[in-house]
Amino acid sequence: MKFSEFPKAVIKENVDYTIHEITNVIKRYGPRESGNANCFATQKHIKKEMDTFADETGFETYKMAPKAFLHFTKTVSLAIILAVCVCLLLVYLGVFDRVPIGGNDFFLPQCIVGFVVLVSLLITAVEFLFYKQFCDVFYKKIEARNFYAKRKPTGEVKRRIVISGHCDAAYEWRHIYYSKKLHAPHLMGLLMGWAIGGAFISLIVAILAIVANFTDMGAFGAFLLNYSYYIHCLTAVGMIFLFLFIDFKTLSPGANDNLTGTYAAVCAIRMLDMAGVEFENTEVVCMITDGEEAGLRGAKQWSKDHYDEYCNDGVETAVLCVDTLTDLDYLNVYNRDMTGTVRHHQGFSQLVMDAAKEAGHDSLKFANVFFGSSDAAAFTQAKIPATCLAAMDPTPADYYHNRRDNYDRLVPEAIETGYEIILSTIFNFDEKGLGA
């Protein structure tokens, strides 16, 4: 069967099913913090549904620290605030008068603040830019799970396509919620620019001020020695906004991000089953990860555990991660990820793009996840062919990572379009594989 022959009624029924199930999950299981009981309850609910139409289902457990990924925002901001304020207090108490180092009392404070800012920026880069599990060692780990379901072919498995979505929801990002509520769309950018930009400026100023202690830099050097510490004070004020950025007590309902991706994976197999599609040599896998909002922890673990199976067993494998099917104007194939530092598999990304066109959707473009990351990046980093399909306003959307992301914000047309592209991708992969 080709996609053009696939019954449209099956797709529409699955869109209705998705909206009903997302509403049910949110009402029945509540907030889904990465690794918590509600995530597991959601996965068990999905398993019960999929046991009726999948050939094999199961869970794989792993350990993770749910707050380790983003809690650095509290740690680094507080460290910089304390460094600036405590050093300033010690200067005015005359403590540094008794330490004859540097040209004035602010030399040691410049050294201390510069060092703290440098370490804070490095932690921020390691955690948020490269998604390394740097801070996890300092946090208590809990047991989380990835769920999978397989639809096996009638013959030997020669190809495998994995459709993936994550079921955990994000902690609320206060600045997005309140910027939209106050009708100030640029508020988050301004506040975070103040915090992060201020940190970079403080680092440069601290270095220059230290140099000015030993080098004649004229009037500019005099300014650095006598007044540049006020710049650190402004940075400390900006760090207050970084400290308040994430509300760890409030969780997004996660209807769009990413129960739409979760049910895209579920319905990929469900639609094939309803239409009676049987592939001779292509295995279709539904994968529901936990821990994406905790730094791609579930996808990273799955990539590690299944690397040999996906890369060394002779079965051509590709992973399509679906993350938010909502804003049709921004429905794209995201072939660059992790703030642009990861480039997904070119052949598979092109296959998804071609499949979209064959399904009648030729407005898609290749795009870049320029702020943050999707689970696809974890697979690509593990050398497993992957790409991402998503439809979300990157400015960001008004519902992104806040309480507005509820079932009343679902967009059936976007879900239907996404499902058509996913089905077309599966048919194309079955026919052509990664050599397309």
# chains A, B, ... in the order shown; residues from 1 in each chain; ligands from 1
>>> residues_around(residues="Ala391 of chain A", least_positions_apart="5", cutoff="6 Å", atoms="only C-alpha atoms", output="mmCIF file with all heavy atoms, in the first residue's frame")
data_model
loop_
_atom_site.group_PDB
_atom_site.id
_atom_site.type_symbol
_atom_site.label_atom_id
_atom_site.label_comp_id
_atom_site.auth_asym_id
_atom_site.auth_seq_id
_atom_site.Cartn_x
_atom_site.Cartn_y
_atom_site.Cartn_z
ATOM 1 N N THR A 324 5.598 18.076 19.530
ATOM 2 C CA THR A 324 4.609 19.161 19.451
ATOM 3 C C THR A 324 4.061 19.305 18.036
ATOM 4 O O THR A 324 4.771 19.703 17.110
ATOM 5 C CB THR A 324 5.179 20.519 19.921
ATOM 6 O OG1 THR A 324 5.797 20.366 21.198
ATOM 7 C CG2 THR A 324 4.065 21.551 20.033
ATOM 8 N N LEU A 325 2.781 18.985 17.880
ATOM 9 C CA LEU A 325 2.074 19.159 16.618
ATOM 10 C C LEU A 325 0.942 20.149 16.856
ATOM 11 O O LEU A 325 -0.180 19.762 17.189
ATOM 12 C CB LEU A 325 1.524 17.814 16.124
ATOM 13 C CG LEU A 325 2.562 16.754 15.738
ATOM 14 C CD1 LEU A 325 1.876 15.438 15.401
ATOM 15 C CD2 LEU A 325 3.426 17.224 14.570
ATOM 16 N N THR A 326 1.252 21.436 16.710
ATOM 17 C CA THR A 326 0.281 22.464 17.076
ATOM 18 C C THR A 326 0.206 23.609 16.074
ATOM 19 O O THR A 326 -0.863 23.907 15.544
ATOM 20 C CB THR A 326 0.619 23.050 18.465
ATOM 21 O OG1 THR A 326 0.786 21.987 19.394
ATOM 22 C CG2 THR A 326 -0.497 23.973 18.944
ATOM 23 N N ASP A 327 1.314 24.260 15.816
ATOM 24 C CA ASP A 327 1.310 25.483 15.015
ATOM 25 C C ASP A 327 1.680 25.154 13.565
ATOM 26 O O ASP A 327 2.856 25.027 13.222
ATOM 27 C CB ASP A 327 2.293 26.500 15.596
ATOM 28 C CG ASP A 327 1.970 26.810 17.058
ATOM 29 O OD1 ASP A 327 0.779 27.007 17.360
ATOM 30 O OD2 ASP A 327 2.904 26.852 17.877
ATOM 31 N N LEU A 328 0.664 25.032 12.703
ATOM 32 C CA LEU A 328 0.884 24.572 11.338
ATOM 33 C C LEU A 328 1.841 25.461 10.550
ATOM 34 O O LEU A 328 2.570 24.985 9.677
ATOM 35 C CB LEU A 328 -0.457 24.485 10.599
ATOM 36 C CG LEU A 328 -1.194 23.151 10.726
ATOM 37 C CD1 LEU A 328 -2.574 23.241 10.101
ATOM 38 C CD2 LEU A 328 -0.388 22.035 10.078
ATOM 39 N N TYR A 330 4.475 26.574 11.461
ATOM 40 C CA TYR A 330 5.853 26.235 11.832
ATOM 41 C C TYR A 330 6.093 24.726 11.790
ATOM 42 O O TYR A 330 6.994 24.227 12.455
ATOM 43 C CB TYR A 330 6.179 26.779 13.230
ATOM 44 C CG TYR A 330 6.013 28.272 13.320
ATOM 45 C CD1 TYR A 330 4.840 28.841 13.787
ATOM 46 C CD2 TYR A 330 7.039 29.125 12.922
ATOM 47 C CE1 TYR A 330 4.682 30.214 13.858
ATOM 48 C CE2 TYR A 330 6.899 30.496 12.997
ATOM 49 C CZ TYR A 330 5.712 31.036 13.470
ATOM 50 O OH TYR A 330 5.568 32.404 13.538
ATOM 51 N N LEU A 331 5.274 24.022 11.004
ATOM 52 C CA LEU A 331 5.483 22.579 10.831
ATOM 53 C C LEU A 331 6.680 22.368 9.910
ATOM 54 O O LEU A 331 6.635 22.703 8.719
ATOM 55 C CB LEU A 331 4.237 21.922 10.242
ATOM 56 C CG LEU A 331 4.329 20.415 9.968
ATOM 57 C CD1 LEU A 331 4.613 19.639 11.241
ATOM 58 C CD2 LEU A 331 3.046 19.914 9.316
#
>>> select_by_dssp(residues="segment 64-278 of chain A", states="strand (DSSP E or B)", output="list in words")
Met64, Ile142, Glu143, Ala144, Arg145, Asn146, Phe147, Tyr148, Ala149, Lys150, Arg151, Arg159, Arg160, Ile161, Val162, Ile163, Ser164, Gly165, His166, Tyr171, Glu172, Trp173, Ile246, Asp247, Phe248, Lys249, Thr250 and Leu251 of chain A
>>> select_by_dssp(residues="segment 199-358 of chain A", states="alpha helix (DSSP H)", output="number ranges by chain")
A: 199-212, 218-227, 229-243, 261-274, 297-305, 307-311, 346-358
>>> atom_distance(atom1="atom CA of Phe72 of chain A", atom2="atom CA of Ile207 of chain A")
23.8 Å
>>> closest_residue(among="A:Val119, A:Met392, A:Ile269, A:Ala359", to="Ala79 of chain A", atoms="only C-alpha atoms")
A:Val119
>>> residues_around(residues="His175 of chain A", least_positions_apart="2", cutoff="7 Å", atoms="only C-alpha atoms", output="PyMOL selection string")
chain A and resi 173+177-179+188+245
>>> closest_residue(among="A:Gly360, A:Gly276, A:Pro7, A:Gly94", to="Gly418 of chain A", atoms="only C-alpha atoms")
A:Gly360
